[in-house]
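J.: I'd like to ask some things about the structure below.
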Amino acid sequence: MNIECESDYIKVNEKLYPCTVSLAMDLIGGKWKTVILYHLKDTDKRYNELRKEMPGVTERTLSLQLKQLEEDGLISRKVYGEKPPIKVIYGLTKFGRSCIPLLNAILLWGNHIAEQKGEFINTLAANA
């Protein structure tokens with residue numbers, strides 16, 4: 001018997017999930033959460049570093065996703081300084097680091113799809 005079949009629901013932080021896949025997808029699902037985690041897997045980063053590495057994400061969305069990842073315990077937010085300009089660094093928590101094998105698997109699968117079906121486009125050359 002699989003663990004998700006042990007009961008009708010899984011309760012985590014007062015939320016009910018019908019299966020463990022639903023639980024995992026609530027934590028890392030959506031367009032940007034996994035991308036953010038991927039960009040933090042090797043080193044901690046400041047907000048602006050993340051923005052530069054993910055030009056397609058809006059500031060509002062990045063802020064909301066970072067907040068949710070922090071609330072779910074996947075990333076930490078460290079604030080340095082008391083007066084502006086303050087320095088804020090984001091990094092994976094121990095719990096967040098537990099998903100690195102998953103992030104690496106997603107990367108390999110994405111690389112495979114890109115090689116088989118995709119086309120790499122250099123935006124600098126396209127704009128020239």
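We name chains A, B, ... following the order of the structure tokens; residues begin at 1 in each chain, and ligands are numbered from 1 as shown.
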Find the residues near range 69-82 of chain A: any atom within 6 Å, counting only C-alpha atoms, skip ones fewer than 2 places away on the same chain, and give them as a CSV table (one decimal) with N, CA and C atoms, in the first residue's frame.
T.:
```csv
chain,number,residue,atom,x,y,z
A,66,LEU,N,7.9,34.2,-3.5
A,66,LEU,CA,9.0,34.1,-2.4
A,66,LEU,C,8.3,34.0,-1.0
A,67,LYS,N,7.3,34.9,-0.8
A,67,LYS,CA,6.6,34.9,0.4
A,67,LYS,C,6.0,33.5,0.7
A,86,ILE,N,18.4,48.1,3.1
A,86,ILE,CA,18.6,46.9,3.8
A,86,ILE,C,19.0,45.8,2.7
A,87,LYS,N,19.6,44.8,3.2
A,87,LYS,CA,20.1,43.7,2.3
A,87,LYS,C,19.2,42.5,2.7
A,88,VAL,N,18.5,41.9,1.7
A,88,VAL,CA,17.7,40.7,1.9
A,88,VAL,C,18.3,39.6,1.0
A,89,ILE,N,18.6,38.5,1.7
A,89,ILE,CA,19.1,37.3,1.0
A,89,ILE,C,18.1,36.1,1.2
A,90,TYR,N,17.9,35.4,0.0
A,90,TYR,CA,17.0,34.3,0.0
A,90,TYR,C,17.9,33.0,-0.2
A,91,GLY,N,17.5,31.9,0.5
A,91,GLY,CA,18.2,30.7,0.4
A,91,GLY,C,17.3,29.5,0.7
A,92,LEU,N,17.7,28.3,0.3
A,92,LEU,CA,17.0,27.1,0.6
A,92,LEU,C,17.1,26.8,2.1
A,93,THR,N,16.1,26.3,2.7
A,93,THR,CA,16.2,25.8,4.0
A,93,THR,C,16.6,24.3,3.9
A,95,PHE,N,14.7,21.8,4.6
A,95,PHE,CA,13.5,21.2,3.9
A,95,PHE,C,13.5,21.5,2.4
A,96,GLY,N,13.9,22.8,2.1
A,96,GLY,CA,14.0,23.2,0.6
A,96,GLY,C,15.0,22.4,-0.1
```
J.: Step one, run DSSP on the backbone; step two, keep only residues of chain A assigned to helix (DSSP H, G or I); then write them as JSON, numbers by chain.
T.: {"A": [3, 4, 5, 6, 20, 21, 22, 23, 24, 25, 26, 27, 28, 33, 34, 35, 36, 37, 38, 39, 40, 47, 48, 49, 50, 51, 52, 53, 59, 60, 61, 62, 63, 64, 65, 66, 67, 68, 69, 70, 71, 94, 95, 96, 97, 100, 101, 102, 103, 104, 105, 106, 107, 108, 109, 110, 111, 112, 113, 114, 115, 116, 117, 123, 124, 125, 126, 127]}
J.: Could you write out, as a ChimeraX atom specification, all the residues of chain A that DSSP marks as strand (DSSP E or B)?
T.: /A:10-12,15-17,45-46,75-80,87-92
